[in-house]
Amino acid sequence: MKRKLSLLIVLLFATSAFALENPWDTKLPFKNAIINYNLSGTMSGEKTTYIKDYGRTTAEYSNTSMKMFGMTQQQKEIIITTPDWVYTIDLMEKIGTKQANPKKFMIQEFNNLSKAEKKKVIKNSESLGVSTIEGMDGTLEKNAEKILGYMCDKVSMAGTDTYIFSGTDLPLKVKGETMGVKIDQTATSIKKESASSSKYELPSNIQLEHNEQADQMMQDRAKTIIQTILENKHSKSADTSPQMSAPQPPANESNQMTPEMQEQMKQMMEILGKQGG
């Protein structure tokens, strides 16, 4: 399942100063907006993200092409994210998936804590968040750059620099190269206006697959992460890394790639498979 950047531990570290507010229930600096992006590199094209309710609900429409080994593959995709669900629609293949929003489980687990436990999670988050990023050979730079008038934090990891709205997980710029895959995604405009409600509606002609086992895995992972932060333990078995999507890929390298890069590698392998056949 393709997902926007899952920076849940980074997000906790970036927002740990806000009283007892839930670190995963974040808000963008505007209630409604339309953000346009330009993509270049291995994958080129355009993307538009529609935002409502301060980012709790988004609809991402992308029209891109990927060039690998002299071949070009077109991709049209819709990703609709609500507080409860993430819907990913492949308009070329006419297929889609429905998966629980991993943030939902993080929010629930944090809200289930006592007031004292919440304070402890927030207190422990900074050191654990920093060590998690450093453990993946990454860095976090607060207020690193202003993009389209908004301050962004810079997360550098696995050869990729991601600039996110400060205190959130929504990127305005992603640039880097991993395993020969180049990505350059930059927001070109932000319009603080409401989009048509139809942008958040699912296509009626596409049947969605739902992996309930993956949802349960994410819920279990959320409990483990909260407990790990609460106890301030750096546990490898707990896996407090930012990757929360399920099912988990078998290769550790995939956990260190952006969702766009994971999708590119997936497409590359599909192309290689067709060539081999």
# chains A, B, ... in the order shown; residues from 1 in each chain; ligands from 1
$ residues_around --residues "Asp25 (chain A)" --least-positions-apart "3" --cutoff "8 Å" --atoms "only C-alpha atoms" --output "list in words"
Glu21, Asn22, Lys103 and Ile107 of chain A
$ residues_around --residues "Glu193 (chain A)" --least-positions-apart "6" --cutoff "8 Å" --atoms "only C-alpha atoms" --output "PyMOL selection string"
chain A and resi 32-34
$ atom_distance --atom1 "CA of Gln185 (chain A)" --atom2 "CA of Asp215 (chain A)"
29.3 Å
$ select_by_dssp --residues "region 72-219 of chain A" --states "strand (DSSP E or B)" --output "MDAnalysis selection string"
chainID A and resid 72:81 85:90 95:100 139:147 150:157 160:165 171:178 181:191 208:210
$ write_last_selection --atoms "C-alpha atoms" --output "PDB file, in the first residue's frame"
ATOM      1  CA  THR A  72       8.156   4.395 -19.880  1.00  0.00           C
ATOM      2  CA  GLN A  73       5.275   3.334 -17.664  1.00  0.00           C
ATOM      3  CA  GLN A  74       2.282   5.567 -17.041  1.00  0.00           C
ATOM      4  CA  GLN A  75       0.608   5.726 -13.650  1.00  0.00           C
ATOM      5  CA  LYS A  76      -2.595   7.405 -12.508  1.00  0.00           C
ATOM      6  CA  GLU A  77      -3.485   7.018  -8.861  1.00  0.00           C
ATOM      7  CA  ILE A  78      -5.789   8.360  -6.166  1.00  0.00           C
ATOM      8  CA  ILE A  79      -5.025   8.087  -2.447  1.00  0.00           C
ATOM      9  CA  ILE A  80      -7.837   9.174  -0.145  1.00  0.00           C
ATOM     10  CA  THR A  81      -6.956   9.343   3.549  1.00  0.00           C
ATOM     11  CA  TRP A  85      -9.005   4.622   6.420  1.00  0.00           C
ATOM     12  CA  VAL A  86      -6.504   4.907   3.576  1.00  0.00           C
ATOM     13  CA  TYR A  87      -7.894   4.098   0.121  1.00  0.00           C
ATOM     14  CA  THR A  88      -5.429   3.574  -2.729  1.00  0.00           C
ATOM     15  CA  ILE A  89      -6.874   3.478  -6.250  1.00  0.00           C
ATOM     16  CA  ASP A  90      -4.903   2.488  -9.353  1.00  0.00           C
ATOM     17  CA  ILE A  95      -7.926  -1.929  -8.754  1.00  0.00           C
ATOM     18  CA  GLY A  96      -7.814  -0.573  -5.230  1.00  0.00           C
ATOM     19  CA  THR A  97      -7.120  -1.302  -1.581  1.00  0.00           C
ATOM     20  CA  LYS A  98      -8.649  -0.225   1.702  1.00  0.00           C
ATOM     21  CA  GLN A  99      -6.451  -0.204   4.786  1.00  0.00           C
ATOM     22  CA  ALA A 100      -6.784   1.225   8.284  1.00  0.00           C
ATOM     23  CA  THR A 139      18.867  13.629  11.004  1.00  0.00           C
ATOM     24  CA  LEU A 140      16.083  16.075  11.825  1.00  0.00           C
ATOM     25  CA  GLU A 141      16.578  19.814  11.409  1.00  0.00           C
ATOM     26  CA  LYS A 142      13.808  22.003  12.803  1.00  0.00           C
ATOM     27  CA  ASN A 143      12.649  25.008  10.754  1.00  0.00           C
ATOM     28  CA  ALA A 144      15.250  24.252   8.087  1.00  0.00           C
ATOM     29  CA  GLU A 145      13.659  26.032   5.152  1.00  0.00           C
ATOM     30  CA  LYS A 146      10.680  28.192   4.239  1.00  0.00           C
ATOM     31  CA  ILE A 147       8.720  26.848   1.273  1.00  0.00           C
ATOM     32  CA  TYR A 150       5.642  27.990   5.419  1.00  0.00           C
ATOM     33  CA  MET A 151       8.461  26.825   7.680  1.00  0.00           C
ATOM     34  CA  CYS A 152       9.439  23.221   7.128  1.00  0.00           C
ATOM     35  CA  ASP A 153      11.424  20.690   9.143  1.00  0.00           C
ATOM     36  CA  LYS A 154      14.030  18.734   7.209  1.00  0.00           C
ATOM     37  CA  VAL A 155      14.271  14.976   7.696  1.00  0.00           C
ATOM     38  CA  SER A 156      17.323  13.442   6.034  1.00  0.00           C
ATOM     39  CA  MET A 157      17.352   9.670   5.755  1.00  0.00           C
ATOM     40  CA  THR A 160      16.641  11.513   0.770  1.00  0.00           C
ATOM     41  CA  ASP A 161      15.802  14.954   2.180  1.00  0.00           C
ATOM     42  CA  THR A 162      12.142  15.474   3.044  1.00  0.00           C
ATOM     43  CA  TYR A 163      10.796  18.889   3.996  1.00  0.00           C
ATOM     44  CA  ILE A 164       7.586  18.624   6.002  1.00  0.00           C
ATOM     45  CA  PHE A 165       5.266  21.243   7.447  1.00  0.00           C
ATOM     46  CA  PRO A 171       5.849  17.041   2.796  1.00  0.00           C
ATOM     47  CA  LEU A 172       6.269  20.094   0.597  1.00  0.00           C
ATOM     48  CA  LYS A 173       9.516  18.874  -0.938  1.00  0.00           C
ATOM     49  CA  VAL A 174      11.237  15.507  -1.320  1.00  0.00           C
ATOM     50  CA  LYS A 175      14.597  15.209  -3.013  1.00  0.00           C
ATOM     51  CA  GLY A 176      17.167  12.443  -3.169  1.00  0.00           C
ATOM     52  CA  GLU A 177      18.435   9.272  -4.751  1.00  0.00           C
ATOM     53  CA  THR A 178      18.292   5.698  -3.448  1.00  0.00           C
ATOM     54  CA  VAL A 181      16.079   5.879  -8.195  1.00  0.00           C
ATOM     55  CA  LYS A 182      15.965   9.680  -8.304  1.00  0.00           C
ATOM     56  CA  ILE A 183      13.095  11.642  -6.841  1.00  0.00           C
ATOM     57  CA  ASP A 184      12.448  15.362  -6.950  1.00  0.00           C
ATOM     58  CA  GLN A 185       8.997  16.360  -5.726  1.00  0.00           C
ATOM     59  CA  THR A 186       8.320  20.026  -5.019  1.00  0.00           C
ATOM     60  CA  ALA A 187       5.153  21.912  -4.126  1.00  0.00           C
ATOM     61  CA  THR A 188       4.537  24.672  -6.666  1.00  0.00           C
ATOM     62  CA  SER A 189       1.454  26.313  -5.138  1.00  0.00           C
ATOM     63  CA  ILE A 190      -0.769  26.281  -2.070  1.00  0.00           C
ATOM     64  CA  LYS A 191      -4.292  27.630  -2.373  1.00  0.00           C
ATOM     65  CA  LEU A 208     -11.483  -2.507  -2.962  1.00  0.00           C
ATOM     66  CA  GLU A 209      -9.438  -5.244  -1.338  1.00  0.00           C
ATOM     67  CA  HIS A 210      -9.167  -5.123   2.453  1.00  0.00           C
TER      68      HIS A 210
END
$ residues_around --residues "Gly55 (chain A)" --least-positions-apart "2" --cutoff "9 Å" --atoms "only C-alpha atoms" --output "ChimeraX atom specification"
/A:26-33,50-53,57-58,170
$ write_last_selection --atoms "C-alpha atoms" --output "PDB file, in the first residue's frame"
ATOM      1  CA  THR A  26      -1.807  16.987  14.224  1.00  0.00           C
ATOM      2  CA  LYS A  27      -3.159  19.979  12.347  1.00  0.00           C
ATOM      3  CA  LEU A  28      -1.906  21.818   9.303  1.00  0.00           C
ATOM      4  CA  PRO A  29      -1.817  25.637   9.426  1.00  0.00           C
ATOM      5  CA  PHE A  30      -4.961  25.850   7.275  1.00  0.00           C
ATOM      6  CA  LYS A  31      -8.352  24.140   7.407  1.00  0.00           C
ATOM      7  CA  ASN A  32      -8.768  23.623   3.672  1.00  0.00           C
ATOM      8  CA  ALA A  33      -6.229  23.775   0.882  1.00  0.00           C
ATOM      9  CA  TYR A  50      -6.717  18.256  -1.576  1.00  0.00           C
ATOM     10  CA  ILE A  51      -6.941  18.958   2.144  1.00  0.00           C
ATOM     11  CA  LYS A  52      -9.816  19.452   4.554  1.00  0.00           C
ATOM     12  CA  ASP A  53     -10.279  19.495   8.327  1.00  0.00           C
ATOM     13  CA  THR A  57      -8.742  14.123   5.454  1.00  0.00           C
ATOM     14  CA  THR A  58      -6.794  14.336   2.203  1.00  0.00           C
ATOM     15  CA  LEU A 170       2.905  16.337   5.137  1.00  0.00           C
TER      16      LEU A 170
END
